[in-house]
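Participant: Input file: target.tsv. Contents: TSV, C-alpha atoms.
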```tsv
chain	number	residue	atom	x	y	z
C	1	MET	CA	-15.20	13.71	12.77
C	2	LYS	CA	-17.47	16.67	12.16
C	3	ILE	CA	-20.94	16.24	13.61
C	4	SER	CA	-23.72	17.40	11.30
C	5	TRP	CA	-26.24	19.50	13.18
C	6	LEU	CA	-29.43	18.48	11.32
C	7	PRO	CA	-29.22	14.68	11.91
C	8	THR	CA	-28.20	15.36	15.52
C	9	ILE	CA	-31.17	17.63	16.18
C	10	ALA	CA	-33.54	15.28	14.33
C	11	ALA	CA	-32.34	12.26	16.32
C	12	ALA	CA	-32.66	14.17	19.59
C	13	ALA	CA	-36.18	15.29	18.64
C	14	VAL	CA	-37.27	11.74	17.80
C	15	ILE	CA	-35.77	10.35	21.01
C	16	GLY	CA	-37.45	13.09	23.04
C	17	THR	CA	-40.76	12.37	21.34
C	18	VAL	CA	-40.51	8.64	22.07
C	19	ILE	CA	-39.79	9.41	25.73
C	20	ARG	CA	-42.82	11.69	25.88
C	21	VAL	CA	-45.00	9.06	24.21
C	22	ALA	CA	-43.86	6.31	26.55
C	23	LEU	CA	-43.73	8.16	29.87
C	24	PHE	CA	-45.70	11.40	29.72
C	25	THR	CA	-48.65	10.78	27.39
C	26	PRO	CA	-51.77	9.29	29.03
C	27	LEU	CA	-53.22	5.97	27.93
C	28	GLU	CA	-56.25	5.98	25.69
C	29	ALA	CA	-59.29	4.72	27.63
C	30	LYS	CA	-60.37	1.93	25.25
C	31	GLN	CA	-57.19	0.92	23.43
C	32	GLY	CA	-54.72	1.19	26.28
C	33	ALA	CA	-50.98	1.02	25.58
C	34	ALA	CA	-51.52	-0.22	22.01
C	35	GLN	CA	-52.81	3.23	21.04
C	36	LYS	CA	-49.37	4.72	21.58
C	37	ILE	CA	-48.30	3.18	18.27
C	38	PHE	CA	-50.50	5.94	16.83
C	39	TYR	CA	-47.73	8.47	17.55
C	40	ILE	CA	-45.35	6.54	15.30
C	41	HIS	CA	-47.77	5.26	12.68
C	42	VAL	CA	-49.49	8.55	11.83
C	43	PRO	CA	-46.35	10.73	11.62
C	44	ALA	CA	-44.65	8.07	9.48
C	45	ALA	CA	-47.64	8.12	7.12
C	46	TRP	CA	-47.58	11.91	6.99
C	47	VAL	CA	-43.87	11.96	6.13
C	48	ALA	CA	-44.30	9.23	3.51
C	49	PHE	CA	-47.07	11.18	1.77
C	50	PHE	CA	-45.09	14.40	2.12
C	51	ALA	CA	-42.01	12.74	0.62
C	52	PHE	CA	-43.89	11.30	-2.36
C	53	GLY	CA	-45.71	14.58	-2.91
C	54	LEU	CA	-42.35	16.33	-3.15
C	55	VAL	CA	-41.17	13.61	-5.54
C	56	ALA	CA	-44.08	14.45	-7.83
C	57	ILE	CA	-43.41	18.19	-7.64
C	58	ALA	CA	-39.67	17.76	-8.23
C	59	SER	CA	-40.38	15.35	-11.09
C	60	GLY	CA	-42.64	17.89	-12.77
C	61	VAL	CA	-39.99	20.58	-12.36
C	62	PHE	CA	-37.38	18.24	-13.84
C	63	LEU	CA	-39.51	17.53	-16.91
C	64	TRP	CA	-39.76	21.29	-17.39
C	65	LEU	CA	-36.21	22.43	-16.61
C	66	ARG	CA	-34.15	19.23	-17.07
C	67	ASP	CA	-32.16	20.14	-13.96
C	68	GLN	CA	-30.22	17.15	-12.59
C	69	ARG	CA	-30.25	18.63	-9.10
C	70	VAL	CA	-34.03	18.36	-9.02
C	71	ASP	CA	-33.83	14.77	-10.24
C	72	ARG	CA	-31.38	13.93	-7.43
C	73	PHE	CA	-33.76	15.43	-4.91
C	74	ALA	CA	-36.69	13.41	-6.30
C	75	GLU	CA	-34.59	10.24	-6.11
C	76	SER	CA	-33.57	11.00	-2.53
C	77	SER	CA	-37.08	11.86	-1.39
C	78	ALA	CA	-38.50	8.71	-2.99
C	79	GLU	CA	-36.07	6.44	-1.16
C	80	VAL	CA	-36.75	8.13	2.16
C	81	GLY	CA	-40.48	7.92	1.47
C	82	VAL	CA	-40.19	4.18	0.94
C	83	VAL	CA	-38.45	3.85	4.32
C	84	PHE	CA	-41.25	5.71	6.11
C	85	THR	CA	-43.93	3.78	4.22
C	86	THR	CA	-42.26	0.59	5.44
C	87	VAL	CA	-42.61	1.92	8.99
C	88	VAL	CA	-46.30	2.55	8.29
C	89	LEU	CA	-46.81	-1.00	6.99
C	90	ILE	CA	-45.07	-2.46	10.05
C	91	THR	CA	-46.65	-0.35	12.79
C	92	GLY	CA	-50.14	-0.57	11.27
C	93	PRO	CA	-50.52	-4.34	11.70
C	94	LEU	CA	-48.87	-4.19	15.15
C	95	TRP	CA	-51.53	-1.69	16.19
C	96	ALA	CA	-54.34	-3.52	14.40
C	97	LYS	CA	-53.83	-6.91	16.04
C	98	PRO	CA	-54.84	-5.97	19.62
C	99	ILE	CA	-57.56	-3.57	18.44
C	100	TRP	CA	-59.10	-5.27	15.39
C	101	GLY	CA	-58.09	-8.83	16.23
C	102	THR	CA	-56.11	-9.30	13.01
C	103	TYR	CA	-52.84	-8.04	11.58
C	104	TRP	CA	-54.16	-7.50	8.08
C	105	ALA	CA	-57.45	-7.27	6.18
C	106	TRP	CA	-57.18	-7.66	2.43
C	107	TRP	CA	-60.56	-6.01	1.90
C	108	ASP	CA	-59.51	-2.79	3.64
C	109	VAL	CA	-59.00	-0.27	0.85
C	110	ARG	CA	-56.62	1.99	2.78
C	111	LEU	CA	-54.36	-0.91	3.70
C	112	ILE	CA	-54.20	-2.27	0.16
C	113	SER	CA	-53.74	1.12	-1.49
C	114	THR	CA	-50.94	2.01	0.93
C	115	LEU	CA	-49.22	-1.28	0.11
C	116	PHE	CA	-49.69	-0.53	-3.59
C	117	LEU	CA	-48.13	2.92	-3.07
C	118	TRP	CA	-45.12	1.22	-1.45
C	119	PHE	CA	-44.76	-1.09	-4.47
C	120	ILE	CA	-44.97	1.83	-6.90
C	121	TYR	CA	-42.08	3.69	-5.32
C	122	LEU	CA	-40.14	0.49	-4.81
C	123	ALA	CA	-40.52	0.06	-8.57
C	124	TYR	CA	-39.34	3.68	-8.92
C	125	ILE	CA	-36.10	2.74	-7.12
C	126	VAL	CA	-35.69	-0.41	-9.21
C	127	LEU	CA	-36.27	1.59	-12.39
C	128	ARG	CA	-33.52	4.03	-11.50
C	129	GLY	CA	-31.10	1.15	-11.15
C	130	ALA	CA	-32.20	-0.58	-14.35
C	131	VAL	CA	-31.81	2.24	-16.90
C	132	ASP	CA	-28.23	3.12	-17.85
C	133	SER	CA	-28.86	6.40	-19.66
C	134	PRO	CA	-29.01	9.25	-17.09
C	135	GLU	CA	-31.40	11.26	-19.24
C	136	LEU	CA	-33.81	8.40	-19.90
C	137	ARG	CA	-33.57	7.26	-16.27
C	138	ALA	CA	-34.52	10.69	-15.01
C	139	ARG	CA	-37.40	11.08	-17.49
C	140	TYR	CA	-38.92	7.64	-16.88
C	141	SER	CA	-38.55	8.06	-13.13
C	142	ALA	CA	-40.17	11.50	-13.23
C	143	VAL	CA	-43.25	10.14	-14.99
C	144	LEU	CA	-43.59	7.27	-12.50
C	145	GLY	CA	-42.97	9.62	-9.58
C	146	ILE	CA	-45.82	11.86	-10.69
C	147	LEU	CA	-48.25	9.02	-11.40
C	148	GLY	CA	-47.53	7.32	-8.08
C	149	ALA	CA	-48.36	10.44	-6.08
C	150	LEU	CA	-51.85	10.52	-7.60
C	151	LEU	CA	-52.67	7.61	-5.28
C	152	ILE	CA	-52.12	9.73	-2.14
C	153	PRO	CA	-55.45	11.66	-2.25
C	154	PHE	CA	-57.27	8.38	-2.89
C	155	ILE	CA	-55.68	6.82	0.21
C	156	HIS	CA	-56.72	9.80	2.32
C	157	LEU	CA	-60.30	9.80	1.02
C	158	SER	CA	-60.72	6.01	1.07
C	159	VAL	CA	-62.19	6.03	4.59
C	160	TYR	CA	-64.97	8.31	3.32
C	161	LEU	CA	-65.58	6.39	0.09
C	162	PHE	CA	-65.45	2.77	1.30
C	163	ALA	CA	-66.28	0.67	4.33
C	164	THR	CA	-62.90	0.15	6.02
C	165	MET	CA	-61.62	-0.79	9.44
C	166	HIS	CA	-59.79	2.52	9.59
C	167	PRO	CA	-61.71	5.18	11.52
C	168	LEU	CA	-62.49	8.60	10.12
C	169	PRO	CA	-59.79	11.22	10.84
C	170	ILE	CA	-59.84	12.51	14.42
C	171	VAL	CA	-57.34	15.34	13.89
C	172	GLY	CA	-57.54	16.40	10.24
C	173	LYS	CA	-61.28	16.96	10.19
C	174	PRO	CA	-63.26	20.16	9.65
C	175	SER	CA	-64.51	20.33	13.25
C	176	LYS	CA	-62.39	20.42	16.40
C	177	PRO	CA	-59.88	17.54	16.79
C	178	SER	CA	-61.12	14.73	19.05
C	179	LEU	CA	-57.85	14.21	20.92
C	180	PRO	CA	-57.27	15.63	24.41
C	181	ASN	CA	-54.72	18.44	24.52
C	182	GLU	CA	-51.93	16.28	25.97
C	183	MET	CA	-52.32	13.68	23.23
C	184	LEU	CA	-52.66	16.36	20.57
C	185	LEU	CA	-49.42	18.00	21.70
C	186	THR	CA	-47.63	14.64	21.58
C	187	LEU	CA	-48.93	14.06	18.05
C	188	PHE	CA	-47.73	17.48	16.88
C	189	LEU	CA	-44.31	16.87	18.43
C	190	SER	CA	-44.18	13.50	16.65
C	191	LEU	CA	-45.10	15.11	13.34
C	192	PHE	CA	-42.42	17.76	13.82
C	193	SER	CA	-39.67	15.34	14.83
C	194	PHE	CA	-40.43	12.89	12.03
C	195	THR	CA	-40.51	15.71	9.47
C	196	LEU	CA	-37.15	16.91	10.76
C	197	LEU	CA	-35.84	13.35	10.41
C	198	TYR	CA	-37.10	13.28	6.83
C	199	PHE	CA	-35.08	16.38	5.93
C	200	ALA	CA	-31.98	14.94	7.64
C	201	PHE	CA	-32.31	11.70	5.67
C	202	VAL	CA	-32.95	13.48	2.37
C	203	ARG	CA	-29.99	15.80	2.82
C	204	SER	CA	-27.67	12.85	3.51
C	205	ARG	CA	-29.10	10.89	0.58
C	206	TYR	CA	-28.79	13.90	-1.72
C	207	ARG	CA	-25.13	14.39	-0.78
C	208	TYR	CA	-24.52	10.73	-1.58
C	209	ALA	CA	-26.15	11.22	-5.00
C	210	VAL	CA	-23.94	14.23	-5.71
C	211	ASP	CA	-20.78	12.29	-4.79
C	212	ARG	CA	-21.93	9.27	-6.79
C	213	ASP	CA	-22.63	11.31	-9.92
C	214	ALA	CA	-19.31	13.14	-9.57
C	215	ALA	CA	-17.45	9.84	-9.27
C	216	SER	CA	-19.33	8.46	-12.27
C	217	ALA	CA	-18.49	11.50	-14.37
C	218	ALA	CA	-14.83	11.28	-13.37
C	219	HIS	CA	-14.79	7.61	-14.33
C	220	TYR	CA	-16.11	8.29	-17.83
C	221	ASP	CA	-13.74	11.24	-18.29
C	222	ALA	CA	-10.74	9.11	-17.33
```
Give the structure from the file, written as structure tokens.
Facilitator:
Amino acid sequence: MKISWLPTIAAAAVIGTVIRVALFTPLEAKQGAAQKIFYIHVPAAWVAFFAFGLVAIASGVFLWLRDQRVDRFAESSAEVGVVFTTVVLITGPLWAKPIWGTYWAWWDVRLISTLFLWFIYLAYIVLRGAVDSPELRARYSAVLGILGALLIPFIHLSVYLFATMHPLPIVGKPSKPSLPNEMLLTLFLSLFSFTLLYFAFVRSRYRYAVDRDAASAAHYDA
């Protein structure tokens, strides 16, 4: 069996990052070991937003060029984005419980809007399975993919616009990041390894879409 280099490197990078988080990254003074979920939660959120942003871009390109390859990429990126958003919605409450004293707060705008984003792209996946016509499926999905991504800037800015339990950004802020260098390096390694994992997942999912569409075309030609 031929070993694909990208998934192998991505898996090794993620494993190496987890080892660094667990064994070589110091504990945060106030939050203790619970803070280490940060190195999974934040990169997963970054990849989810990155994935859905690329869905929107690819969807816009599809509506312009009608290129099925771009539609396959949007489909693949959306599914991978849903996976990473699921990680966000799982790790967030696990981190919140020891720090905030509750798993979930329905009044927290960032929590609710992130959950809503997850539902939008889950609906995107359902829509792709519900429409038989390839052309209509791609067009409807493209519109939903673009509209869904409009929620991403709102989620990012929600901590500035509303009273939430989420703190203001400590890394992506205009002034110097508030993390010590060791923690900052671990975060950057996590962002890199999770992004690499995203590309590995999307490439595999795209290849599946190509094979599926080829099989479907052969079936109708038979």
Participant: Kindly give the distance, in Å, that separates CA of Phe162 (chain C) and CA of Trp107 (chain C), rounded to a single decimal.
Facilitator: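 CA of Phe162 (chain C) sits 10.1 Å away from CA of Trp107 (chain C).
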Participant: Which residues, written as a list of chain:residue names, have at least one atom at most 9 Å from Ser77 (chain C), with all atoms listed in the file counted and residues fewer than 6 positions away on the same chain left out?
Facilitator: C:Ala51, C:Phe52, C:Leu54, C:Val55, C:Tyr198, C:Phe199, C:Phe201, C:Val202, C:Arg205, C:Tyr206
Participant: Can you measure CA of Ser190 (chain C) to CA of Pro7 (chain C) for me? One decimal in Å is fine.
Facilitator: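 Pair CA of Ser190 (chain C) / CA of Pro7 (chain C) returns 15.7 Å.
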Participant: Which is closer to Pro26 (chain C) than all the others in C:Asn181, C:Ile125, C:Ser204, C:Gln68, using all atoms listed in the file?
Facilitator: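 When distances to Pro26 (chain C) are compared using all atoms listed in the file, the smallest one comes from C:Asn181.
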Participant: Looking at only C-alpha atoms, which of C:Val83, C:Val210, C:Ala12, C:Val88 is the one that sits closest to Arg110 (chain C)?
Facilitator: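 The answer is C:Val88, which sits nearest to Arg110 (chain C).
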Participant: Return the single residue from C:Ala123, C:Ile37, C:Met183, C:Ala58 that is closest to Pro98 (chain C), with distances computed using only C-alpha atoms.
Facilitator: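 The answer is C:Ile37, which sits nearest to Pro98 (chain C).
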Participant: Please write as number ranges by chain the list of polymer residues whose atoms come within 10 Å of (-43.7, 15.2, 4.4), counting all atoms listed in the file and keeping to the coordinates of the file.
Facilitator: C: 43-54, 77, 81, 84, 191-192, 194-196, 198-199
Participant: Measuring atom to atom with all atoms listed in the file, identify which of C:Ala96, C:Ala200, C:Asp132, C:Ala163 is nearest to Ala10 (chain C).
Facilitator: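 Of C:Ala96, C:Ala200, C:Asp132, C:Ala163, the one nearest Ala10 (chain C), counting all atoms listed in the file, is C:Ala200.
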Participant: When you count all atoms listed in the file, which of these residues is closest to Thr186 (chain C): C:Val18, C:Ala142, C:Ile112, C:Leu161?
Facilitator: C:Val18
Participant: Considering only C-alpha atoms, state which residue in the set C:Lys36, C:Val109, C:Leu185, C:Val82 is at the smallest distance from Phe154 (chain C).
Facilitator: C:Val109
Participant: I'd like the interatomic distance between CA of Tyr39 (chain C) and CA of Leu115 (chain C), to a tenth of an Å.
Facilitator: 20.0 Å
